[in-house]
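Participant: Coordinates in my_file34.tsv, TSV, N, CA and C atoms, are listed below.
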```tsv
chain	number	residue	atom	x	y	z
A	1	MET	N	38.56	21.36	35.92
A	1	MET	CA	37.46	21.33	36.85
A	1	MET	C	37.18	22.71	37.39
A	2	ARG	N	38.19	23.46	37.60
A	2	ARG	CA	38.03	24.81	38.12
A	2	ARG	C	37.20	25.68	37.17
A	3	LEU	N	37.42	25.52	35.86
A	3	LEU	CA	36.69	26.30	34.86
A	3	LEU	C	35.19	25.95	34.90
A	4	ALA	N	34.88	24.69	35.10
A	4	ALA	CA	33.49	24.25	35.13
A	4	ALA	C	32.74	24.85	36.30
A	5	ARG	N	33.39	25.08	37.41
A	5	ARG	CA	32.73	25.65	38.58
A	5	ARG	C	32.34	27.10	38.35
A	6	ARG	N	33.02	27.78	37.48
A	6	ARG	CA	32.71	29.19	37.22
A	6	ARG	C	31.53	29.36	36.27
A	7	LEU	N	31.22	28.33	35.51
A	7	LEU	CA	30.14	28.43	34.52
A	7	LEU	C	28.79	28.38	35.21
A	8	PRO	N	27.79	29.06	34.68
A	8	PRO	CA	26.45	28.96	35.24
A	8	PRO	C	25.92	27.53	35.10
A	9	ILE	N	24.94	27.18	35.89
A	9	ILE	CA	24.39	25.81	35.91
A	9	ILE	C	23.87	25.41	34.53
A	10	THR	N	23.15	26.28	33.85
A	10	THR	CA	22.58	25.92	32.55
A	10	THR	C	23.67	25.63	31.54
A	11	ARG	N	24.73	26.39	31.55
A	11	ARG	CA	25.82	26.15	30.61
A	11	ARG	C	26.53	24.85	30.97
A	12	ARG	N	26.70	24.59	32.27
A	12	ARG	CA	27.34	23.36	32.71
A	12	ARG	C	26.53	22.15	32.27
A	13	ALA	N	25.23	22.23	32.44
A	13	ALA	CA	24.35	21.12	32.03
A	13	ALA	C	24.40	20.91	30.52
A	14	ALA	N	24.39	21.99	29.77
A	14	ALA	CA	24.45	21.88	28.31
A	14	ALA	C	25.78	21.29	27.88
A	15	THR	N	26.87	21.69	28.53
A	15	THR	CA	28.18	21.17	28.19
A	15	THR	C	28.26	19.67	28.51
A	16	ALA	N	27.74	19.29	29.66
A	16	ALA	CA	27.75	17.87	30.05
A	16	ALA	C	26.92	17.04	29.07
A	17	ALA	N	25.77	17.54	28.68
A	17	ALA	CA	24.92	16.82	27.72
A	17	ALA	C	25.61	16.68	26.38
A	18	ALA	N	26.29	17.73	25.94
A	18	ALA	CA	27.01	17.67	24.67
A	18	ALA	C	28.14	16.66	24.74
A	19	LEU	N	28.84	16.61	25.84
A	19	LEU	CA	29.92	15.64	25.99
A	19	LEU	C	29.40	14.21	25.99
A	20	VAL	N	28.28	13.98	26.65
A	20	VAL	CA	27.70	12.64	26.67
A	20	VAL	C	27.31	12.22	25.26
A	21	LEU	N	26.70	13.12	24.51
A	21	LEU	CA	26.28	12.80	23.15
A	21	LEU	C	27.48	12.61	22.23
A	22	LEU	N	28.50	13.44	22.36
A	22	LEU	CA	29.67	13.34	21.50
A	22	LEU	C	30.47	12.07	21.77
A	23	THR	N	30.53	11.65	23.01
A	23	THR	CA	31.30	10.45	23.33
A	23	THR	C	30.53	9.17	23.05
A	24	GLY	N	29.24	9.28	22.77
A	24	GLY	CA	28.46	8.10	22.45
A	24	GLY	C	27.80	7.46	23.65
A	25	ALA	N	28.05	7.98	24.84
A	25	ALA	CA	27.45	7.40	26.03
A	25	ALA	C	25.93	7.57	26.04
A	26	GLY	N	25.44	8.58	25.38
A	26	GLY	CA	24.01	8.84	25.40
A	26	GLY	C	23.26	8.18	24.26
A	27	THR	N	23.96	7.53	23.33
A	27	THR	CA	23.25	6.95	22.18
A	27	THR	C	22.35	5.81	22.58
A	28	ALA	N	22.74	4.99	23.55
A	28	ALA	CA	21.88	3.89	23.99
A	28	ALA	C	20.61	4.43	24.62
A	29	ALA	N	20.75	5.49	25.39
A	29	ALA	CA	19.57	6.09	26.03
A	29	ALA	C	18.64	6.69	24.98
A	30	LEU	N	19.21	7.30	23.95
A	30	LEU	CA	18.38	7.89	22.90
A	30	LEU	C	17.70	6.81	22.08
A	31	ALA	N	18.40	5.70	21.84
A	31	ALA	CA	17.81	4.62	21.05
A	31	ALA	C	16.65	3.97	21.78
A	32	GLN	N	16.68	3.97	23.11
A	32	GLN	CA	15.63	3.33	23.87
A	32	GLN	C	14.49	4.28	24.22
A	33	ALA	N	14.64	5.54	23.89
A	33	ALA	CA	13.58	6.51	24.19
A	33	ALA	C	12.34	6.15	23.41
A	34	PRO	N	11.17	6.25	24.03
A	34	PRO	CA	9.94	5.90	23.31
A	34	PRO	C	9.71	6.84	22.14
A	35	GLN	N	9.29	6.27	21.04
A	35	GLN	CA	9.00	7.02	19.82
A	35	GLN	C	7.52	7.38	19.81
A	36	PRO	N	7.18	8.53	19.27
A	36	PRO	CA	5.75	8.88	19.20
A	36	PRO	C	5.03	7.91	18.27
A	37	ALA	N	3.80	7.61	18.61
A	37	ALA	CA	3.01	6.68	17.81
A	37	ALA	C	2.68	7.31	16.47
A	38	ALA	N	2.74	6.50	15.42
A	38	ALA	CA	2.39	6.98	14.09
A	38	ALA	C	0.88	7.17	14.02
A	39	ALA	N	0.47	8.09	13.18
A	39	ALA	CA	-0.96	8.33	12.99
A	39	ALA	C	-1.59	7.10	12.35
A	40	PRO	N	-2.75	6.69	12.81
A	40	PRO	CA	-3.39	5.51	12.23
A	40	PRO	C	-3.77	5.77	10.78
A	41	VAL	N	-3.63	4.74	9.97
A	41	VAL	CA	-3.97	4.85	8.56
A	41	VAL	C	-5.42	4.44	8.39
A	42	THR	N	-6.20	5.33	7.84
A	42	THR	CA	-7.60	5.00	7.60
A	42	THR	C	-7.72	4.30	6.26
A	43	ASN	N	-8.81	3.61	6.06
A	43	ASN	CA	-9.02	2.89	4.81
A	43	ASN	C	-9.02	3.83	3.62
A	44	ALA	N	-9.59	5.02	3.78
A	44	ALA	CA	-9.64	5.97	2.67
A	44	ALA	C	-8.24	6.44	2.30
A	45	ASN	N	-7.42	6.75	3.31
A	45	ASN	CA	-6.05	7.19	3.02
A	45	ASN	C	-5.25	6.06	2.41
A	46	HIS	N	-5.43	4.84	2.92
A	46	HIS	CA	-4.67	3.70	2.43
A	46	HIS	C	-5.04	3.41	0.98
A	47	ALA	N	-6.32	3.46	0.66
A	47	ALA	CA	-6.75	3.20	-0.71
A	47	ALA	C	-6.23	4.27	-1.66
A	48	ALA	N	-6.22	5.51	-1.21
A	48	ALA	CA	-5.72	6.59	-2.06
A	48	ALA	C	-4.23	6.45	-2.31
A	49	ASP	N	-3.49	5.99	-1.30
A	49	ASP	CA	-2.05	5.82	-1.45
A	49	ASP	C	-1.73	4.68	-2.40
A	50	GLN	N	-2.58	3.67	-2.44
A	50	GLN	CA	-2.32	2.49	-3.24
A	50	GLN	C	-2.82	2.61	-4.68
A	51	ALA	N	-3.58	3.62	-4.99
A	51	ALA	CA	-4.17	3.76	-6.32
A	51	ALA	C	-3.11	4.11	-7.36
A	52	LEU	N	-3.27	3.53	-8.53
A	52	LEU	CA	-2.41	3.87	-9.66
A	52	LEU	C	-2.85	5.22	-10.21
A	53	ASP	N	-1.93	5.96	-10.79
A	53	ASP	CA	-2.32	7.24	-11.38
A	53	ASP	C	-2.82	7.03	-12.81
A	54	ILE	N	-3.32	8.08	-13.40
A	54	ILE	CA	-3.94	7.98	-14.72
A	54	ILE	C	-2.95	7.48	-15.77
A	55	ARG	N	-1.73	7.94	-15.71
A	55	ARG	CA	-0.71	7.50	-16.69
A	55	ARG	C	-0.45	6.00	-16.59
A	56	GLN	N	-0.40	5.48	-15.37
A	56	GLN	CA	-0.18	4.04	-15.18
A	56	GLN	C	-1.37	3.24	-15.70
A	57	ILE	N	-2.57	3.74	-15.48
A	57	ILE	CA	-3.77	3.07	-16.01
A	57	ILE	C	-3.74	3.07	-17.53
A	58	TYR	N	-3.39	4.20	-18.11
A	58	TYR	CA	-3.31	4.32	-19.57
A	58	TYR	C	-2.31	3.31	-20.12
A	59	ASP	N	-1.13	3.24	-19.54
A	59	ASP	CA	-0.08	2.33	-20.01
A	59	ASP	C	-0.51	0.87	-19.90
A	60	ARG	N	-1.18	0.51	-18.82
A	60	ARG	CA	-1.62	-0.88	-18.64
A	60	ARG	C	-2.70	-1.26	-19.65
A	61	LEU	N	-3.62	-0.33	-19.90
A	61	LEU	CA	-4.67	-0.62	-20.87
A	61	LEU	C	-4.10	-0.72	-22.28
A	62	GLU	N	-3.17	0.15	-22.59
A	62	GLU	CA	-2.53	0.11	-23.91
A	62	GLU	C	-1.77	-1.21	-24.09
A	63	ALA	N	-1.09	-1.66	-23.06
A	63	ALA	CA	-0.36	-2.93	-23.12
A	63	ALA	C	-1.32	-4.11	-23.26
A	64	ALA	N	-2.54	-3.96	-22.75
A	64	ALA	CA	-3.55	-5.02	-22.84
A	64	ALA	C	-4.26	-5.03	-24.19
A	65	GLY	N	-3.93	-4.08	-25.08
A	65	GLY	CA	-4.50	-4.08	-26.42
A	65	GLY	C	-5.58	-3.05	-26.67
A	66	TYR	N	-5.91	-2.26	-25.69
A	66	TYR	CA	-6.91	-1.21	-25.90
A	66	TYR	C	-6.24	-0.03	-26.59
A	67	ARG	N	-7.02	0.67	-27.42
A	67	ARG	CA	-6.47	1.84	-28.11
A	67	ARG	C	-7.52	2.93	-28.15
A	68	ASP	N	-7.14	4.07	-28.67
A	68	ASP	CA	-8.04	5.23	-28.73
A	68	ASP	C	-8.65	5.48	-27.34
A	69	ILE	N	-7.79	5.47	-26.35
A	69	ILE	CA	-8.23	5.68	-24.96
A	69	ILE	C	-8.51	7.17	-24.80
A	70	ARG	N	-9.78	7.50	-24.58
A	70	ARG	CA	-10.18	8.90	-24.58
A	70	ARG	C	-10.44	9.49	-23.22
A	71	GLU	N	-11.12	8.79	-22.37
A	71	GLU	CA	-11.48	9.34	-21.07
A	71	GLU	C	-11.08	8.38	-19.96
A	72	ILE	N	-10.40	8.91	-18.97
A	72	ILE	CA	-10.08	8.14	-17.77
A	72	ILE	C	-10.50	9.00	-16.59
A	73	GLU	N	-11.51	8.54	-15.87
A	73	GLU	CA	-12.04	9.30	-14.73
A	73	GLU	C	-12.04	8.42	-13.49
A	74	ARG	N	-11.58	8.97	-12.38
A	74	ARG	CA	-11.54	8.24	-11.11
A	74	ARG	C	-12.90	8.32	-10.45
A	75	SER	N	-13.38	7.18	-9.99
A	75	SER	CA	-14.65	7.12	-9.28
A	75	SER	C	-14.50	6.13	-8.12
A	76	GLY	N	-14.13	6.65	-6.96
A	76	GLY	CA	-13.93	5.80	-5.79
A	76	GLY	C	-12.70	4.92	-5.95
A	77	SER	N	-12.91	3.61	-5.87
A	77	SER	CA	-11.79	2.67	-5.96
A	77	SER	C	-11.60	2.12	-7.37
A	78	ARG	N	-12.16	2.81	-8.35
A	78	ARG	CA	-12.00	2.36	-9.74
A	78	ARG	C	-11.91	3.55	-10.68
A	79	TYR	N	-11.48	3.25	-11.88
A	79	TYR	CA	-11.44	4.24	-12.95
A	79	TYR	C	-12.48	3.84	-13.99
A	80	GLU	N	-13.15	4.82	-14.56
A	80	GLU	CA	-14.05	4.59	-15.69
A	80	GLU	C	-13.33	5.08	-16.93
A	81	VAL	N	-13.22	4.21	-17.92
A	81	VAL	CA	-12.42	4.51	-19.11
A	81	VAL	C	-13.23	4.25	-20.37
A	82	LYS	N	-13.11	5.15	-21.35
A	82	LYS	CA	-13.70	4.94	-22.67
A	82	LYS	C	-12.56	4.70	-23.63
A	83	ALA	N	-12.69	3.62	-24.42
A	83	ALA	CA	-11.61	3.24	-25.34
A	83	ALA	C	-12.16	2.34	-26.44
A	84	ARG	N	-11.27	1.80	-27.25
A	84	ARG	CA	-11.62	0.80	-28.27
A	84	ARG	C	-10.85	-0.47	-27.96
A	85	ASN	N	-11.54	-1.62	-28.13
A	85	ASN	CA	-10.88	-2.88	-27.87
A	85	ASN	C	-10.18	-3.40	-29.13
A	86	ALA	N	-9.68	-4.61	-29.07
A	86	ALA	CA	-8.92	-5.19	-30.20
A	86	ALA	C	-9.80	-5.42	-31.43
A	87	ARG	N	-11.13	-5.54	-31.25
A	87	ARG	CA	-12.05	-5.72	-32.38
A	87	ARG	C	-12.59	-4.40	-32.89
A	88	ASP	N	-11.98	-3.30	-32.45
A	88	ASP	CA	-12.33	-1.94	-32.86
A	88	ASP	C	-13.74	-1.53	-32.42
A	89	GLU	N	-14.21	-2.12	-31.32
A	89	GLU	CA	-15.50	-1.75	-30.75
A	89	GLU	C	-15.27	-0.71	-29.66
A	90	ARG	N	-16.20	0.26	-29.58
A	90	ARG	CA	-16.12	1.22	-28.48
A	90	ARG	C	-16.55	0.52	-27.20
A	91	VAL	N	-15.75	0.68	-26.15
A	91	VAL	CA	-16.06	0.03	-24.89
A	91	VAL	C	-15.93	1.02	-23.75
A	92	LYS	N	-16.70	0.74	-22.70
A	92	LYS	CA	-16.57	1.49	-21.46
A	92	LYS	C	-16.06	0.49	-20.43
A	93	LEU	N	-14.94	0.80	-19.78
A	93	LEU	CA	-14.28	-0.12	-18.87
A	93	LEU	C	-14.35	0.38	-17.44
A	94	ASP	N	-14.51	-0.55	-16.53
A	94	ASP	CA	-14.33	-0.27	-15.11
A	94	ASP	C	-13.01	-0.93	-14.73
A	95	VAL	N	-12.05	-0.11	-14.30
A	95	VAL	CA	-10.71	-0.59	-14.02
A	95	VAL	C	-10.41	-0.41	-12.53
A	96	ASN	N	-9.90	-1.46	-11.90
A	96	ASN	CA	-9.53	-1.40	-10.49
A	96	ASN	C	-8.41	-0.39	-10.32
A	97	ALA	N	-8.60	0.59	-9.42
A	97	ALA	CA	-7.62	1.66	-9.24
A	97	ALA	C	-6.33	1.17	-8.61
A	98	ALA	N	-6.39	0.13	-7.81
A	98	ALA	CA	-5.19	-0.36	-7.12
A	98	ALA	C	-4.37	-1.30	-8.00
A	99	THR	N	-5.03	-2.13	-8.81
A	99	THR	CA	-4.30	-3.15	-9.58
A	99	THR	C	-4.21	-2.85	-11.07
A	100	GLY	N	-5.15	-2.06	-11.58
A	100	GLY	CA	-5.17	-1.78	-13.01
A	100	GLY	C	-5.88	-2.85	-13.81
A	101	ALA	N	-6.51	-3.81	-13.13
A	101	ALA	CA	-7.21	-4.89	-13.81
A	101	ALA	C	-8.58	-4.41	-14.30
A	102	VAL	N	-8.96	-4.84	-15.50
A	102	VAL	CA	-10.27	-4.50	-16.04
A	102	VAL	C	-11.29	-5.40	-15.34
A	103	GLU	N	-12.21	-4.79	-14.60
A	103	GLU	CA	-13.21	-5.54	-13.86
A	103	GLU	C	-14.51	-5.72	-14.65
A	104	ARG	N	-14.76	-4.79	-15.56
A	104	ARG	CA	-15.98	-4.86	-16.34
A	104	ARG	C	-15.76	-4.15	-17.66
A	105	SER	N	-16.32	-4.71	-18.72
A	105	SER	CA	-16.22	-4.11	-20.05
A	105	SER	C	-17.59	-4.13	-20.69
A	106	ARG	N	-18.06	-2.94	-21.13
A	106	ARG	CA	-19.35	-2.84	-21.80
A	106	ARG	C	-19.13	-2.29	-23.20
A	107	THR	N	-19.74	-2.94	-24.18
A	107	THR	CA	-19.61	-2.51	-25.56
A	107	THR	C	-20.67	-1.46	-25.89
A	108	HIS	N	-20.26	-0.40	-26.56
A	108	HIS	CA	-21.18	0.65	-27.00
A	108	HIS	C	-21.20	0.64	-28.52
A	109	ARG	N	-22.40	0.77	-29.05
A	109	ARG	CA	-22.52	0.77	-30.52
A	109	ARG	C	-22.82	2.14	-31.02
```
Any chance you could give the structure as structure tokens?
Facilitator:
Amino acid sequence: MRLARRLPITRRAATAAALVLLTGAGTAALAQAPQPAAAPVTNANHAADQALDIRQIYDRLEAAGYRDIREIERSGSRYEVKARNARDERVKLDVNAATGAVERSRTHR
């Protein structure tokens, strides 16, 4: 106790705080401290986070039987893809960016 009286106030306070944290007495107080609010997620950010990347779109289309996949371009919440279907027809596909599902298929001659 005698040593603590010789220390400056700031050092004494820092030492006391360190002891409280080391002994675990302060963990309950820290756990109950209010946490800063998370930034709100906007629809644009959420949609961008949920979108599949080009490689995932390519793999899903290939698994669905499309081949000669040449162009994959992102346009909002969908991808526009040029490929060939199972009947060897050139097609232009509109693919959902979040799910990879083909929403529209147009045949080109």
Participant: Could you name the residues that touch Ile72 in chain A at 8 Å or less, counting all atoms listed in the file, but leaving out those on the same chain fewer than 5 positions away, as a PDB file with N, CA and C atoms, in the frame of the given file?
Facilitator:
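Full text of part-v3.pdb as output:
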```pdb
ATOM      1  N   ILE A  54      -3.320   8.080 -13.400  1.00  0.00           N
ATOM      2  CA  ILE A  54      -3.940   7.980 -14.720  1.00  0.00           C
ATOM      3  C   ILE A  54      -2.950   7.480 -15.770  1.00  0.00           C
ATOM      4  N   TYR A  58      -3.390   4.200 -18.110  1.00  0.00           N
ATOM      5  CA  TYR A  58      -3.310   4.320 -19.570  1.00  0.00           C
ATOM      6  C   TYR A  58      -2.310   3.310 -20.120  1.00  0.00           C
ATOM      7  N   TYR A  79     -11.480   3.250 -11.880  1.00  0.00           N
ATOM      8  CA  TYR A  79     -11.440   4.240 -12.950  1.00  0.00           C
ATOM      9  C   TYR A  79     -12.480   3.840 -13.990  1.00  0.00           C
ATOM     10  N   GLU A  80     -13.150   4.820 -14.560  1.00  0.00           N
ATOM     11  CA  GLU A  80     -14.050   4.590 -15.690  1.00  0.00           C
ATOM     12  C   GLU A  80     -13.330   5.080 -16.930  1.00  0.00           C
ATOM     13  N   VAL A  81     -13.220   4.210 -17.920  1.00  0.00           N
ATOM     14  CA  VAL A  81     -12.420   4.510 -19.110  1.00  0.00           C
ATOM     15  C   VAL A  81     -13.230   4.250 -20.370  1.00  0.00           C
ATOM     16  N   LYS A  82     -13.110   5.150 -21.350  1.00  0.00           N
ATOM     17  CA  LYS A  82     -13.700   4.940 -22.670  1.00  0.00           C
ATOM     18  C   LYS A  82     -12.560   4.700 -23.630  1.00  0.00           C
ATOM     19  N   ALA A  83     -12.690   3.620 -24.420  1.00  0.00           N
ATOM     20  CA  ALA A  83     -11.610   3.240 -25.340  1.00  0.00           C
ATOM     21  C   ALA A  83     -12.160   2.340 -26.440  1.00  0.00           C
TER      22      ALA A  83
END
```
Participant: Near range 96-108 of chain A, counting only N, CA and C atoms, which residues have an atom at most 7 Å away, once you skip same-chain residues fewer than 6 positions from it, shown as a PyMOL selection string?
Facilitator: chain A and resi 50-53+56-57+60-61+76-79+89-90
Participant: Have a look at CA of Glu73 in chain A and CA of Asn85 in chain A and let me know their distance in Å, one decimal.
Facilitator: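 Rounded to one decimal, the two atoms are 18.0 Å apart.
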Participant: Can you work out which one of A:Arg74, A:Arg55, A:Arg109, A:Ala63 has the shortest atom-to-atom distance to Val91 in chain A, counting only N, CA and C atoms?
Facilitator: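 The shortest atom-to-atom distance to Val91 in chain A comes from A:Arg109.
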Participant: Find the residues around Asp68 in chain A up to 5 Å (all atoms listed in the file counted), leave out those fewer than 2 positions away in its own chain, and share them as a list of chain:residue names.
Facilitator: A:Tyr66, A:Arg70, A:Ala83, A:Arg84
Participant: Between CA of Ser75 in chain A and atom C of Asp88 in chain A, measure the distance and give it in Å to one decimal.
Facilitator: 24.7 Å
Participant: What does the distance between atom N of Ala86 in chain A and atom C of Arg67 in chain A come to in Å, to one decimal place?
Facilitator: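 Going from atom N of Ala86 in chain A over to atom C of Arg67 in chain A covers 7.9 Å.
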